[in-house]
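Student: Data: start.pdb, PDB, N, CA and C atoms.
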```pdb
ATOM      1  N   LEU A   1     -25.826 215.859 239.858
ATOM      2  CA  LEU A   1     -25.001 214.887 240.555
ATOM      3  C   LEU A   1     -25.786 214.281 241.706
ATOM      4  N   ALA A   2     -25.405 213.055 242.066
ATOM      5  CA  ALA A   2     -26.087 212.348 243.148
ATOM      6  C   ALA A   2     -25.815 212.979 244.507
ATOM      7  N   GLY A   3     -24.792 213.800 244.616
ATOM      8  CA  GLY A   3     -24.488 214.463 245.875
ATOM      9  C   GLY A   3     -23.019 214.836 245.942
ATOM     10  N   PRO A   4     -22.608 215.447 247.045
ATOM     11  CA  PRO A   4     -21.219 215.889 247.183
ATOM     12  C   PRO A   4     -20.217 214.733 247.160
ATOM     13  N   GLN A   5     -20.677 213.523 247.451
ATOM     14  CA  GLN A   5     -19.777 212.369 247.403
ATOM     15  C   GLN A   5     -19.255 212.115 245.985
ATOM     16  N   VAL A   6     -19.990 212.569 244.975
ATOM     17  CA  VAL A   6     -19.537 212.404 243.587
ATOM     18  C   VAL A   6     -18.289 213.259 243.348
ATOM     19  N   ILE A   7     -18.320 214.489 243.811
ATOM     20  CA  ILE A   7     -17.148 215.369 243.682
ATOM     21  C   ILE A   7     -15.989 214.789 244.473
ATOM     22  N   ASP A   8     -16.268 214.312 245.682
ATOM     23  CA  ASP A   8     -15.207 213.699 246.493
ATOM     24  C   ASP A   8     -14.606 212.493 245.779
ATOM     25  N   GLY A   9     -15.446 211.688 245.139
ATOM     26  CA  GLY A   9     -14.956 210.529 244.390
ATOM     27  C   GLY A   9     -14.100 210.929 243.208
ATOM     28  N   MET A  10     -14.490 212.005 242.538
ATOM     29  CA  MET A  10     -13.704 212.487 241.401
ATOM     30  C   MET A  10     -12.337 213.001 241.858
ATOM     31  N   VAL A  11     -12.338 213.760 242.938
ATOM     32  CA  VAL A  11     -11.079 214.279 243.476
ATOM     33  C   VAL A  11     -10.186 213.125 243.907
ATOM     34  N   ALA A  12     -10.757 212.146 244.604
ATOM     35  CA  ALA A  12      -9.971 210.995 245.059
ATOM     36  C   ALA A  12      -9.386 210.238 243.874
ATOM     37  N   GLY A  13     -10.178 210.049 242.817
ATOM     38  CA  GLY A  13      -9.666 209.372 241.624
ATOM     39  C   GLY A  13      -8.535 210.144 240.978
ATOM     40  N   PHE A  14      -8.714 211.451 240.865
ATOM     41  CA  PHE A  14      -7.688 212.287 240.230
ATOM     42  C   PHE A  14      -6.405 212.302 241.037
ATOM     43  N   GLU A  15      -6.530 212.342 242.349
ATOM     44  CA  GLU A  15      -5.350 212.454 243.217
ATOM     45  C   GLU A  15      -4.760 211.102 243.624
ATOM     46  N   SER A  16      -5.322 210.002 243.147
ATOM     47  CA  SER A  16      -4.896 208.684 243.611
ATOM     48  C   SER A  16      -3.434 208.372 243.304
ATOM     49  N   ASP A  17      -2.909 208.913 242.213
ATOM     50  CA  ASP A  17      -1.495 208.697 241.876
ATOM     51  C   ASP A  17      -0.996 209.891 241.070
ATOM     52  N   PRO A  18      -0.429 210.902 241.735
ATOM     53  CA  PRO A  18       0.015 212.125 241.055
ATOM     54  C   PRO A  18       1.123 211.904 240.019
ATOM     55  N   GLU A  19       1.741 210.739 240.026
ATOM     56  CA  GLU A  19       2.816 210.457 239.072
ATOM     57  C   GLU A  19       2.296 210.036 237.700
ATOM     58  N   LEU A  20       1.009 209.726 237.602
ATOM     59  CA  LEU A  20       0.438 209.278 236.332
ATOM     60  C   LEU A  20       0.273 210.438 235.359
ATOM     61  N   GLU A  21       0.153 210.099 234.083
ATOM     62  CA  GLU A  21      -0.112 211.099 233.052
ATOM     63  C   GLU A  21      -1.493 211.725 233.289
ATOM     64  N   LEU A  22      -1.674 212.950 232.822
ATOM     65  CA  LEU A  22      -2.908 213.680 233.052
ATOM     66  C   LEU A  22      -4.124 212.936 232.500
ATOM     67  N   ASP A  23      -4.016 212.344 231.318
ATOM     68  CA  ASP A  23      -5.161 211.640 230.748
ATOM     69  C   ASP A  23      -5.622 210.498 231.655
ATOM     70  N   GLU A  24      -4.695 209.744 232.216
ATOM     71  CA  GLU A  24      -5.049 208.664 233.138
ATOM     72  C   GLU A  24      -5.713 209.212 234.391
ATOM     73  N   ARG A  25      -5.198 210.287 234.912
ATOM     74  CA  ARG A  25      -5.771 210.881 236.120
ATOM     75  C   ARG A  25      -7.195 211.408 235.863
ATOM     76  N   LEU A  26      -7.426 211.963 234.680
ATOM     77  CA  LEU A  26      -8.763 212.442 234.344
ATOM     78  C   LEU A  26      -9.755 211.290 234.216
ATOM     79  N   ILE A  27      -9.336 210.196 233.620
ATOM     80  CA  ILE A  27     -10.214 209.031 233.513
ATOM     81  C   ILE A  27     -10.497 208.466 234.892
ATOM     82  N   ARG A  28      -9.505 208.430 235.759
ATOM     83  CA  ARG A  28      -9.734 207.974 237.134
ATOM     84  C   ARG A  28     -10.719 208.884 237.858
ATOM     85  N   ALA A  29     -10.682 210.175 237.554
ATOM     86  CA  ALA A  29     -11.651 211.096 238.155
ATOM     87  C   ALA A  29     -13.065 210.768 237.685
ATOM     88  N   LEU A  30     -13.233 210.508 236.397
ATOM     89  CA  LEU A  30     -14.550 210.128 235.885
ATOM     90  C   LEU A  30     -15.036 208.830 236.524
ATOM     91  N   GLU A  31     -14.129 207.860 236.642
ATOM     92  CA  GLU A  31     -14.500 206.587 237.273
ATOM     93  C   GLU A  31     -14.871 206.787 238.740
ATOM     94  N   GLY A  32     -14.129 207.637 239.432
ATOM     95  CA  GLY A  32     -14.418 207.906 240.832
ATOM     96  C   GLY A  32     -15.777 208.551 241.026
ATOM     97  N   GLY A  33     -16.119 209.487 240.158
ATOM     98  CA  GLY A  33     -17.429 210.124 240.232
ATOM     99  C   GLY A  33     -18.553 209.151 239.918
ATOM    100  N   ARG A  34     -18.344 208.340 238.908
ATOM    101  CA  ARG A  34     -19.345 207.325 238.563
ATOM    102  C   ARG A  34     -19.551 206.358 239.725
ATOM    103  N   ASP A  35     -18.439 205.881 240.292
ATOM    104  CA  ASP A  35     -18.514 204.892 241.365
ATOM    105  C   ASP A  35     -19.093 205.465 242.658
ATOM    106  N   ALA A  36     -19.049 206.786 242.809
ATOM    107  CA  ALA A  36     -19.578 207.430 244.009
ATOM    108  C   ALA A  36     -21.056 207.805 243.874
ATOM    109  N   GLY A  37     -21.670 207.440 242.770
ATOM    110  CA  GLY A  37     -23.099 207.704 242.611
ATOM    111  C   GLY A  37     -23.485 208.373 241.317
ATOM    112  N   GLY A  38     -22.530 209.031 240.670
ATOM    113  CA  GLY A  38     -22.784 209.619 239.360
ATOM    114  C   GLY A  38     -23.926 210.613 239.334
ATOM    115  N   GLN A  39     -24.807 210.407 238.376
ATOM    116  CA  GLN A  39     -25.905 211.337 238.136
ATOM    117  C   GLN A  39     -27.220 210.762 238.643
ATOM    118  N   ILE A  40     -28.124 211.659 238.994
ATOM    119  CA  ILE A  40     -29.488 211.251 239.303
ATOM    120  C   ILE A  40     -30.446 212.115 238.501
ATOM    121  N   GLY A  41     -31.585 211.556 238.213
ATOM    122  CA  GLY A  41     -32.643 212.281 237.516
ATOM    123  C   GLY A  41     -33.907 212.226 238.349
ATOM    124  N   THR A  42     -35.010 212.607 237.763
ATOM    125  CA  THR A  42     -36.274 212.627 238.501
ATOM    126  C   THR A  42     -36.731 211.232 238.915
ATOM    127  N   SER A  43     -36.255 210.202 238.207
ATOM    128  CA  SER A  43     -36.664 208.833 238.547
ATOM    129  C   SER A  43     -35.534 208.027 239.175
ATOM    130  N   GLY A  44     -34.481 208.685 239.634
ATOM    131  CA  GLY A  44     -33.384 207.981 240.306
ATOM    132  C   GLY A  44     -32.087 208.019 239.529
ATOM    133  N   HIS A  45     -31.247 207.008 239.773
ATOM    134  CA  HIS A  45     -29.907 206.953 239.182
ATOM    135  C   HIS A  45     -29.971 206.938 237.665
ATOM    136  N   VAL A  46     -29.067 207.681 237.040
ATOM    137  CA  VAL A  46     -28.968 207.753 235.582
ATOM    138  C   VAL A  46     -27.580 207.262 235.181
ATOM    139  N   MET A  47     -27.538 206.255 234.309
ATOM    140  CA  MET A  47     -26.250 205.781 233.803
ATOM    141  C   MET A  47     -25.611 206.868 232.939
ATOM    142  N   GLU A  48     -24.306 206.951 232.995
ATOM    143  CA  GLU A  48     -23.622 207.922 232.139
ATOM    144  C   GLU A  48     -23.810 207.488 230.687
ATOM    145  N   ARG A  49     -24.034 208.435 229.822
ATOM    146  CA  ARG A  49     -24.256 208.146 228.403
ATOM    147  C   ARG A  49     -23.122 208.652 227.530
ATOM    148  N   SER A  50     -22.286 209.534 228.068
ATOM    149  CA  SER A  50     -21.162 210.048 227.299
ATOM    150  C   SER A  50     -20.011 210.367 228.241
ATOM    151  N   ALA A  51     -18.822 210.345 227.677
ATOM    152  CA  ALA A  51     -17.613 210.671 228.437
ATOM    153  C   ALA A  51     -16.585 211.217 227.453
ATOM    154  N   TRP A  52     -15.784 212.171 227.939
ATOM    155  CA  TRP A  52     -14.811 212.807 227.055
ATOM    156  C   TRP A  52     -13.578 213.185 227.864
ATOM    157  N   VAL A  53     -12.426 212.892 227.289
ATOM    158  CA  VAL A  53     -11.158 213.329 227.862
ATOM    159  C   VAL A  53     -10.342 213.953 226.739
ATOM    160  N   ARG A  54      -9.910 215.167 226.986
ATOM    161  CA  ARG A  54      -9.088 215.874 226.014
ATOM    162  C   ARG A  54      -7.954 216.542 226.765
ATOM    163  N   VAL A  55      -6.727 216.268 226.334
ATOM    164  CA  VAL A  55      -5.535 216.874 226.926
ATOM    165  C   VAL A  55      -4.811 217.602 225.806
ATOM    166  N   ILE A  56      -4.569 218.882 226.025
ATOM    167  CA  ILE A  56      -3.912 219.735 225.029
ATOM    168  C   ILE A  56      -2.450 219.919 225.414
ATOM    169  N   ASP A  57      -1.561 219.830 224.429
ATOM    170  CA  ASP A  57      -0.144 220.023 224.743
ATOM    171  C   ASP A  57       0.219 221.504 224.702
ATOM    172  N   GLN A  58       1.479 221.802 224.880
ATOM    173  CA  GLN A  58       1.925 223.194 224.947
ATOM    174  C   GLN A  58       1.740 223.943 223.636
ATOM    175  N   ALA A  59       1.609 223.219 222.544
ATOM    176  CA  ALA A  59       1.396 223.862 221.248
ATOM    177  C   ALA A  59      -0.103 224.010 220.949
ATOM    178  N   TYR A  60      -0.946 223.791 221.971
ATOM    179  CA  TYR A  60      -2.400 223.880 221.850
ATOM    180  C   TYR A  60      -2.963 222.884 220.840
ATOM    181  N   ALA A  61      -2.293 221.762 220.702
ATOM    182  CA  ALA A  61      -2.779 220.679 219.848
ATOM    183  C   ALA A  61      -3.233 219.530 220.739
ATOM    184  N   PRO A  62      -4.314 218.853 220.361
ATOM    185  CA  PRO A  62      -4.762 217.727 221.190
ATOM    186  C   PRO A  62      -3.707 216.616 221.256
ATOM    187  N   ARG A  63      -3.333 216.266 222.476
ATOM    188  CA  ARG A  63      -2.440 215.129 222.671
ATOM    189  C   ARG A  63      -3.278 213.867 222.843
ATOM    190  N   ILE A  64      -4.355 214.008 223.581
ATOM    191  CA  ILE A  64      -5.340 212.945 223.760
ATOM    192  C   ILE A  64      -6.709 213.582 223.548
ATOM    193  N   ASP A  65      -7.522 212.981 222.704
ATOM    194  CA  ASP A  65      -8.872 213.485 222.456
ATOM    195  C   ASP A  65      -9.776 212.278 222.231
ATOM    196  N   LEU A  66     -10.366 211.787 223.301
ATOM    197  CA  LEU A  66     -11.207 210.594 223.249
ATOM    198  C   LEU A  66     -12.604 210.948 223.715
ATOM    199  N   ARG A  67     -13.595 210.472 222.977
ATOM    200  CA  ARG A  67     -14.980 210.775 223.321
ATOM    201  C   ARG A  67     -15.854 209.561 223.031
ATOM    202  N   VAL A  68     -16.769 209.303 223.946
ATOM    203  CA  VAL A  68     -17.753 208.235 223.776
ATOM    204  C   VAL A  68     -19.130 208.865 223.958
ATOM    205  N   ASP A  69     -20.019 208.644 223.001
ATOM    206  CA  ASP A  69     -21.382 209.165 223.083
ATOM    207  C   ASP A  69     -22.380 208.035 222.913
ATOM    208  N   TRP A  70     -23.504 208.160 223.604
ATOM    209  CA  TRP A  70     -24.636 207.233 223.530
ATOM    210  C   TRP A  70     -24.202 205.786 223.719
ATOM    211  N   HIS A  71     -23.543 205.554 224.811
ATOM    212  CA  HIS A  71     -23.103 204.210 225.183
ATOM    213  C   HIS A  71     -23.688 203.882 226.543
ATOM    214  N   ASP A  72     -24.060 202.630 226.762
ATOM    215  CA  ASP A  72     -24.675 202.242 228.032
ATOM    216  C   ASP A  72     -23.725 202.346 229.216
ATOM    217  N   SER A  73     -22.428 202.315 228.952
ATOM    218  CA  SER A  73     -21.419 202.441 230.001
ATOM    219  C   SER A  73     -20.263 203.267 229.452
ATOM    220  N   ALA A  74     -20.504 204.552 229.282
ATOM    221  CA  ALA A  74     -19.574 205.420 228.551
ATOM    222  C   ALA A  74     -18.205 205.534 229.210
ATOM    223  N   VAL A  75     -18.155 205.612 230.530
ATOM    224  CA  VAL A  75     -16.855 205.747 231.193
ATOM    225  C   VAL A  75     -16.045 204.465 231.029
ATOM    226  N   HIS A  76     -16.699 203.325 231.168
ATOM    227  CA  HIS A  76     -16.015 202.044 230.961
ATOM    228  C   HIS A  76     -15.492 201.941 229.516
ATOM    229  N   GLU A  77     -16.299 202.340 228.551
ATOM    230  CA  GLU A  77     -15.879 202.304 227.149
ATOM    231  C   GLU A  77     -14.732 203.278 226.897
ATOM    232  N   LEU A  78     -14.771 204.448 227.527
ATOM    233  CA  LEU A  78     -13.664 205.393 227.399
ATOM    234  C   LEU A  78     -12.373 204.768 227.926
ATOM    235  N   ARG A  79     -12.461 204.075 229.061
ATOM    236  CA  ARG A  79     -11.295 203.384 229.626
ATOM    237  C   ARG A  79     -10.758 202.354 228.623
ATOM    238  N   ARG A  80     -11.653 201.578 227.991
ATOM    239  CA  ARG A  80     -11.239 200.552 227.037
ATOM    240  C   ARG A  80     -10.531 201.172 225.826
ATOM    241  N   ILE A  81     -11.101 202.241 225.290
ATOM    242  CA  ILE A  81     -10.501 202.913 224.131
ATOM    243  C   ILE A  81      -9.151 203.520 224.510
ATOM    244  N   HIS A  82      -9.068 204.099 225.681
ATOM    245  CA  HIS A  82      -7.814 204.688 226.150
ATOM    246  C   HIS A  82      -6.736 203.613 226.256
ATOM    247  N   ALA A  83      -7.071 202.462 226.811
ATOM    248  CA  ALA A  83      -6.095 201.362 226.930
ATOM    249  C   ALA A  83      -5.651 200.894 225.546
ATOM    250  N   ALA A  84      -6.576 200.792 224.609
ATOM    251  CA  ALA A  84      -6.216 200.386 223.248
ATOM    252  C   ALA A  84      -5.305 201.417 222.591
ATOM    253  N   LEU A  85      -5.595 202.690 222.801
ATOM    254  CA  LEU A  85      -4.752 203.761 222.243
ATOM    255  C   LEU A  85      -3.344 203.688 222.796
ATOM    256  N   LEU A  86      -3.229 203.519 224.114
ATOM    257  CA  LEU A  86      -1.909 203.422 224.726
ATOM    258  C   LEU A  86      -1.139 202.217 224.205
ATOM    259  N   HIS A  87      -1.850 201.121 223.985
ATOM    260  CA  HIS A  87      -1.209 199.910 223.445
ATOM    261  C   HIS A  87      -0.671 200.194 222.035
ATOM    262  N   GLU A  88      -1.445 200.905 221.229
ATOM    263  CA  GLU A  88      -1.030 201.251 219.864
ATOM    264  C   GLU A  88       0.151 202.224 219.856
ATOM    265  N   MET A  89       0.220 203.094 220.855
ATOM    266  CA  MET A  89       1.279 204.093 220.897
ATOM    267  C   MET A  89       2.619 203.489 221.320
ATOM    268  N   ARG A  90       2.591 202.321 221.913
ATOM    269  CA  ARG A  90       3.842 201.685 222.375
ATOM    270  C   ARG A  90       4.550 200.982 221.279
TER     271      ARG A  90
END
```
How does the structure come out when it is put into structure tokens?
Tutor:
Amino acid sequence: LAGPQVIDGMVAGFESDPELELDERLIRALEGGRDAGGQIGTSGHVMERSAWVRVIDQAYAPRIDLRVDWHDSAVHELRRIHAALLHEMR
């Protein structure tokens, strides 16, 4: 991680609206961490390449299971897929 501000950004994203569904809050946490600096490597900032959100219901079955791998903007793509899924569920 780029530093403790990434964790703070994730917490702030997750806690931004406690009334939201868990999947939305988890995506906001990922966005908050990304926006606060995300990851760094030996040559500096590293773009996220994968993102995953999985929410299990009380029957231990996936209610939401979304994953993006090898994408130039994985968190943004996860947000897009999540919005499309919610649109389909309505």
Student: When DSSP works through the backbone of this structure, what residues of chain A end up as strand (DSSP E or B), shown as a ChimeraX atom specification?
Tutor: /A:39-41,44-46,50-56,62-69
Student: Would you list the residues near (-14.8, 209.5, 246.5), meaning any protein, DNA or RNA residue with an atom at most 12 Å from that point in file coordinates, counting only C-alpha atoms, as a PyMOL selection string?
Tutor: chain A and resi 3-16+28-38
Student: I'd like to know which of A:Leu22, A:His45, A:Ala51, A:Leu66 is closest to His82 of chain A, using all atoms listed in the file.
Tutor: A:Leu66
Student: What residues come out when you apply the PyMOL selection byres (((chain A and resi 67 and name CA) around 10) and name CA) to this file, written as a PyMOL selection string?
Tutor: chain A and resi 50-54+64-66+68-69+74-75+77-78+81-82
Student: Dump N, CA and C atoms for the selected residues as a PDB file, keeping the file's coordinate frame?
Tutor:
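This went into selection-v9.pdb:
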```pdb
ATOM      1  N   SER A  50     -22.286 209.534 228.068  1.00  0.00           N
ATOM      2  CA  SER A  50     -21.162 210.048 227.299  1.00  0.00           C
ATOM      3  C   SER A  50     -20.011 210.367 228.241  1.00  0.00           C
ATOM      4  N   ALA A  51     -18.822 210.345 227.677  1.00  0.00           N
ATOM      5  CA  ALA A  51     -17.613 210.671 228.437  1.00  0.00           C
ATOM      6  C   ALA A  51     -16.585 211.217 227.453  1.00  0.00           C
ATOM      7  N   TRP A  52     -15.784 212.171 227.939  1.00  0.00           N
ATOM      8  CA  TRP A  52     -14.811 212.807 227.055  1.00  0.00           C
ATOM      9  C   TRP A  52     -13.578 213.185 227.864  1.00  0.00           C
ATOM     10  N   VAL A  53     -12.426 212.892 227.289  1.00  0.00           N
ATOM     11  CA  VAL A  53     -11.158 213.329 227.862  1.00  0.00           C
ATOM     12  C   VAL A  53     -10.342 213.953 226.739  1.00  0.00           C
ATOM     13  N   ARG A  54      -9.910 215.167 226.986  1.00  0.00           N
ATOM     14  CA  ARG A  54      -9.088 215.874 226.014  1.00  0.00           C
ATOM     15  C   ARG A  54      -7.954 216.542 226.765  1.00  0.00           C
ATOM     16  N   ILE A  64      -4.355 214.008 223.581  1.00  0.00           N
ATOM     17  CA  ILE A  64      -5.340 212.945 223.760  1.00  0.00           C
ATOM     18  C   ILE A  64      -6.709 213.582 223.548  1.00  0.00           C
ATOM     19  N   ASP A  65      -7.522 212.981 222.704  1.00  0.00           N
ATOM     20  CA  ASP A  65      -8.872 213.485 222.456  1.00  0.00           C
ATOM     21  C   ASP A  65      -9.776 212.278 222.231  1.00  0.00           C
ATOM     22  N   LEU A  66     -10.366 211.787 223.301  1.00  0.00           N
ATOM     23  CA  LEU A  66     -11.207 210.594 223.249  1.00  0.00           C
ATOM     24  C   LEU A  66     -12.604 210.948 223.715  1.00  0.00           C
ATOM     25  N   VAL A  68     -16.769 209.303 223.946  1.00  0.00           N
ATOM     26  CA  VAL A  68     -17.753 208.235 223.776  1.00  0.00           C
ATOM     27  C   VAL A  68     -19.130 208.865 223.958  1.00  0.00           C
ATOM     28  N   ASP A  69     -20.019 208.644 223.001  1.00  0.00           N
ATOM     29  CA  ASP A  69     -21.382 209.165 223.083  1.00  0.00           C
ATOM     30  C   ASP A  69     -22.380 208.035 222.913  1.00  0.00           C
ATOM     31  N   ALA A  74     -20.504 204.552 229.282  1.00  0.00           N
ATOM     32  CA  ALA A  74     -19.574 205.420 228.551  1.00  0.00           C
ATOM     33  C   ALA A  74     -18.205 205.534 229.210  1.00  0.00           C
ATOM     34  N   VAL A  75     -18.155 205.612 230.530  1.00  0.00           N
ATOM     35  CA  VAL A  75     -16.855 205.747 231.193  1.00  0.00           C
ATOM     36  C   VAL A  75     -16.045 204.465 231.029  1.00  0.00           C
ATOM     37  N   GLU A  77     -16.299 202.340 228.551  1.00  0.00           N
ATOM     38  CA  GLU A  77     -15.879 202.304 227.149  1.00  0.00           C
ATOM     39  C   GLU A  77     -14.732 203.278 226.897  1.00  0.00           C
ATOM     40  N   LEU A  78     -14.771 204.448 227.527  1.00  0.00           N
ATOM     41  CA  LEU A  78     -13.664 205.393 227.399  1.00  0.00           C
ATOM     42  C   LEU A  78     -12.373 204.768 227.926  1.00  0.00           C
ATOM     43  N   ILE A  81     -11.101 202.241 225.290  1.00  0.00           N
ATOM     44  CA  ILE A  81     -10.501 202.913 224.131  1.00  0.00           C
ATOM     45  C   ILE A  81      -9.151 203.520 224.510  1.00  0.00           C
ATOM     46  N   HIS A  82      -9.068 204.099 225.681  1.00  0.00           N
ATOM     47  CA  HIS A  82      -7.814 204.688 226.150  1.00  0.00           C
ATOM     48  C   HIS A  82      -6.736 203.613 226.256  1.00  0.00           C
TER      49      HIS A  82
END
```
Student: What is the distance, in Å and to one decimal place, between atom C of Leu1 of chain A and atom N of Gln39 of chain A?
Tutor: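 Computed distance, atom C of Leu1 of chain A to atom N of Gln39 of chain A, equals 5.2 Å.
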Student: DSSP on the backbone, helix (DSSP H, G or I) only: what residues of chain A does that give? Format it as an NGL selection string.
Tutor: :A and (4-15 or 22-35 or 74-89)
Student: Please indicate the distance in Å from atom N of Ala59 of chain A to atom CA of Ala83 of chain A, rounded to one decimal place.
Tutor: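 Distance between the two atoms: 23.6 Å.
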Student: Measure the distance from atom N of His76 of chain A to atom C of Arg49 of chain A in Å and round it to one decimal.
Tutor: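 Between atom N of His76 of chain A and atom C of Arg49 of chain A the gap is 9.1 Å.
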Student: Please determine, counting all atoms listed in the file, which residue among A:Val46, A:Ala84, A:Met89, A:Val55 has the shortest atom-to-atom distance to Asp23 of chain A.
Tutor: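 Closest to Asp23 of chain A of all the choices is A:Val55.
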Student: Give the padded box for segment 34-44 of chain A as JSON: axis-aligned, covering all atoms listed in the file, 5 Å on each side, centre and edge lengths in Å to one decimal.
Tutor:
```
{"center_x": -27.5, "center_y": 208.8, "center_z": 240.8, "size_x": 28.4, "size_y": 17.7, "size_z": 16.5}
```
